[in-house]
Amino acid sequence: MDSFCKNITFFMLVQAITIIPLIASSSLEPDQGHLDDNKRLSLWYKKWHVHTVNDLSNNKTLLVHCKSGDNDLGIHNLIVGTEFNWKFRPRIFGGTLFWCYMAYDNLHAAFEVFWEDPSLYAKCNYGDCYWIARDDGIYLKNIPGERDEYYYDWELGRL
C-alpha cells in the first residue's frame, strides 16, 4: 500500500506542475502595459527571443559572441543588415542570464542582453529583445512606438 500511495502522490505532483502553467498562460489578458501576477507566473514558461543586429555603416562586420552560464552560443561575424538570434526558456527557479561580447574595428563591448527584470520584460515587449549595434553605440529596441534606448557607448563604456 505504501508504494501505491507514493505513486499516486507522485502522479498528482507531476500533473500539478504541468497543468498550472497552462492554466496561468491561458488566462492572460491582452497586455495592458503592466506586469500582472498571471503574466509574472507565465514568464518562466514563455519562450524568449534575443536578437543581436548589425546596423553599422560602411559595410563594417560585427563580431558577436554570446553565452549564458550553461550555453556558449559561439562566435558570429555579422555583415551589415544581418542578425544572430536565439530562443530559450528561462530557468524555472530564476537566475537566467545571457551576455554578449560585440566588437568591430578597435571598439568592443561586453554586456548583459537578458536578465530577469520586469523593466527589461516590458522593453522587450514580453518576448523579443533586440540589441542593435550602431556606430555610436549599442541600443535596446524599445517597445513599439517608443524610441530605442541608448544602452552602451563604444568608447566610454556602459552609460
# chains A, B, ... in the order shown; residues from 1 in each chain; ligands from 1

call {"tool": "residues_around", "arguments": {"residues": "region 91-106 of chain A", "least_positions_apart": "4", "cutoff": "9 Å", "atoms": "only C-alpha atoms", "output": "VMD selection string"}}
result
chain A and resid 44 to 45 52 60 to 69 71 110 to 116 133 154

call {"tool": "residues_around", "arguments": {"residues": "Gly127 (chain A)", "least_positions_apart": "6", "cutoff": "10 Å", "atoms": "only C-alpha atoms", "output": "PyMOL selection string"}}
result
chain A and resi 43+46-50+87+121

call {"tool": "write_last_selection", "arguments": {"atoms": "all heavy atoms", "output": "PDB file, in the first residue's frame"}}
result
ATOM      1  N   LEU A  43       5.931  33.945 -17.223  1.00  0.00           N
ATOM      2  CA  LEU A  43       7.154  34.399 -17.900  1.00  0.00           C
ATOM      3  C   LEU A  43       8.202  33.300 -17.980  1.00  0.00           C
ATOM      4  O   LEU A  43       8.928  33.199 -18.961  1.00  0.00           O
ATOM      5  CB  LEU A  43       7.730  35.633 -17.198  1.00  0.00           C
ATOM      6  CG  LEU A  43       6.968  36.917 -17.448  1.00  0.00           C
ATOM      7  CD1 LEU A  43       7.541  38.038 -16.593  1.00  0.00           C
ATOM      8  CD2 LEU A  43       6.974  37.296 -18.907  1.00  0.00           C
ATOM      9  N   LYS A  46       7.358  30.913 -20.820  1.00  0.00           N
ATOM     10  CA  LYS A  46       7.357  31.531 -22.142  1.00  0.00           C
ATOM     11  C   LYS A  46       8.696  31.343 -22.844  1.00  0.00           C
ATOM     12  O   LYS A  46       9.731  31.312 -22.214  1.00  0.00           O
ATOM     13  CB  LYS A  46       7.073  33.019 -21.945  1.00  0.00           C
ATOM     14  CG  LYS A  46       7.090  33.846 -23.177  1.00  0.00           C
ATOM     15  CD  LYS A  46       6.713  35.268 -22.801  1.00  0.00           C
ATOM     16  CE  LYS A  46       6.578  36.164 -23.977  1.00  0.00           C
ATOM     17  NZ  LYS A  46       5.996  35.605 -25.146  1.00  0.00           N
ATOM     18  N   LYS A  47       8.656  31.243 -24.151  1.00  0.00           N
ATOM     19  CA  LYS A  47       9.879  31.185 -24.942  1.00  0.00           C
ATOM     20  C   LYS A  47      10.287  32.615 -25.293  1.00  0.00           C
ATOM     21  O   LYS A  47       9.483  33.383 -25.807  1.00  0.00           O
ATOM     22  CB  LYS A  47       9.668  30.375 -26.216  1.00  0.00           C
ATOM     23  CG  LYS A  47      10.968  30.113 -26.963  1.00  0.00           C
ATOM     24  CD  LYS A  47      10.765  29.210 -28.146  1.00  0.00           C
ATOM     25  CE  LYS A  47      10.640  27.789 -27.666  1.00  0.00           C
ATOM     26  NZ  LYS A  47      10.654  26.810 -28.761  1.00  0.00           N
ATOM     27  N   TRP A  48      11.520  32.990 -25.002  1.00  0.00           N
ATOM     28  CA  TRP A  48      12.063  34.323 -25.276  1.00  0.00           C
ATOM     29  C   TRP A  48      12.981  34.262 -26.490  1.00  0.00           C
ATOM     30  O   TRP A  48      13.574  33.224 -26.766  1.00  0.00           O
ATOM     31  CB  TRP A  48      12.844  34.835 -24.068  1.00  0.00           C
ATOM     32  CG  TRP A  48      11.962  35.248 -22.951  1.00  0.00           C
ATOM     33  CD1 TRP A  48      11.394  34.435 -22.010  1.00  0.00           C
ATOM     34  CD2 TRP A  48      11.517  36.564 -22.652  1.00  0.00           C
ATOM     35  NE1 TRP A  48      10.629  35.169 -21.155  1.00  0.00           N
ATOM     36  CE2 TRP A  48      10.690  36.480 -21.524  1.00  0.00           C
ATOM     37  CE3 TRP A  48      11.743  37.812 -23.231  1.00  0.00           C
ATOM     38  CZ2 TRP A  48      10.083  37.594 -20.960  1.00  0.00           C
ATOM     39  CZ3 TRP A  48      11.143  38.920 -22.657  1.00  0.00           C
ATOM     40  CH2 TRP A  48      10.322  38.808 -21.553  1.00  0.00           C
ATOM     41  N   HIS A  49      13.105  35.389 -27.180  1.00  0.00           N
ATOM     42  CA  HIS A  49      13.993  35.518 -28.335  1.00  0.00           C
ATOM     43  C   HIS A  49      14.924  36.703 -28.079  1.00  0.00           C
ATOM     44  O   HIS A  49      14.453  37.774 -27.699  1.00  0.00           O
ATOM     45  CB  HIS A  49      13.211  35.809 -29.621  1.00  0.00           C
ATOM     46  CG  HIS A  49      12.175  34.788 -29.938  1.00  0.00           C
ATOM     47  ND1 HIS A  49      12.321  33.875 -30.952  1.00  0.00           N
ATOM     48  CD2 HIS A  49      10.969  34.514 -29.373  1.00  0.00           C
ATOM     49  CE1 HIS A  49      11.249  33.103 -31.004  1.00  0.00           C
ATOM     50  NE2 HIS A  49      10.424  33.471 -30.056  1.00  0.00           N
ATOM     51  N   VAL A  50      16.203  36.502 -28.293  1.00  0.00           N
ATOM     52  CA  VAL A  50      17.163  37.605 -28.219  1.00  0.00           C
ATOM     53  C   VAL A  50      17.792  37.750 -29.599  1.00  0.00           C
ATOM     54  O   VAL A  50      18.199  36.761 -30.214  1.00  0.00           O
ATOM     55  CB  VAL A  50      18.250  37.349 -27.148  1.00  0.00           C
ATOM     56  CG1 VAL A  50      19.303  38.448 -27.177  1.00  0.00           C
ATOM     57  CG2 VAL A  50      17.625  37.250 -25.763  1.00  0.00           C
ATOM     58  N   LYS A  87      16.621  31.388 -29.185  1.00  0.00           N
ATOM     59  CA  LYS A  87      15.404  31.238 -28.372  1.00  0.00           C
ATOM     60  C   LYS A  87      15.760  30.429 -27.131  1.00  0.00           C
ATOM     61  O   LYS A  87      16.641  29.571 -27.172  1.00  0.00           O
ATOM     62  CB  LYS A  87      14.327  30.478 -29.146  1.00  0.00           C
ATOM     63  CG  LYS A  87      13.923  31.105 -30.441  1.00  0.00           C
ATOM     64  CD  LYS A  87      12.958  30.190 -31.173  1.00  0.00           C
ATOM     65  CE  LYS A  87      12.751  30.649 -32.590  1.00  0.00           C
ATOM     66  NZ  LYS A  87      11.904  29.753 -33.350  1.00  0.00           N
ATOM     67  N   TYR A 121      11.578  43.117 -19.347  1.00  0.00           N
ATOM     68  CA  TYR A 121      10.478  42.403 -19.983  1.00  0.00           C
ATOM     69  C   TYR A 121       9.609  43.361 -20.792  1.00  0.00           C
ATOM     70  O   TYR A 121       9.239  43.076 -21.934  1.00  0.00           O
ATOM     71  CB  TYR A 121       9.594  41.705 -18.949  1.00  0.00           C
ATOM     72  CG  TYR A 121      10.287  40.697 -18.061  1.00  0.00           C
ATOM     73  CD1 TYR A 121       9.764  40.371 -16.832  1.00  0.00           C
ATOM     74  CD2 TYR A 121      11.469  40.064 -18.442  1.00  0.00           C
ATOM     75  CE1 TYR A 121      10.364  39.444 -16.001  1.00  0.00           C
ATOM     76  CE2 TYR A 121      12.084  39.149 -17.618  1.00  0.00           C
ATOM     77  CZ  TYR A 121      11.532  38.834 -16.401  1.00  0.00           C
ATOM     78  OH  TYR A 121      12.134  37.920 -15.593  1.00  0.00           O
TER      79      TYR A 121
END

call {"tool": "atom_distance", "arguments": {"atom1": "CA of Cys129 (chain A)", "atom2": "CA of Leu73 (chain A)"}}
result
16.3 Å

call {"tool": "closest_atom_pairs", "arguments": {"of": "region 39-123 of chain A", "to": "region 134-144 of chain A", "cutoff": "9 Å", "atoms": "only C-alpha atoms", "output": "CSV"}}
result
residue,atom,partner,partner_atom,distance
A:Val53,CA,A:Arg134,CA,8.9
A:Asn54,CA,A:Arg134,CA,7.0
A:Asp55,CA,A:Arg134,CA,5.1
A:Leu56,CA,A:Arg134,CA,4.6
A:Ser57,CA,A:Asp135,CA,6.7
A:Ala109,CA,A:Ile138,CA,8.8
A:Val113,CA,A:Leu140,CA,8.8
A:Ala122,CA,A:Ile143,CA,7.0
A:Lys123,CA,A:Asn142,CA,4.9

call {"tool": "select_by_dssp", "arguments": {"residues": "region 72-152 of chain A", "states": "strand (DSSP E or B)", "output": "ChimeraX atom specification"}}
result
/A:72-78,83-88,97-104,107-115,128-134,137-140,149-152

call {"tool": "atom_distance", "arguments": {"atom1": "CA of Tyr130 (chain A)", "atom2": "CA of His51 (chain A)"}}
result
4.7 Å

call {"tool": "atom_distance", "arguments": {"atom1": "CA of Glu83 (chain A)", "atom2": "CA of Glu146 (chain A)"}}
result
21.4 Å
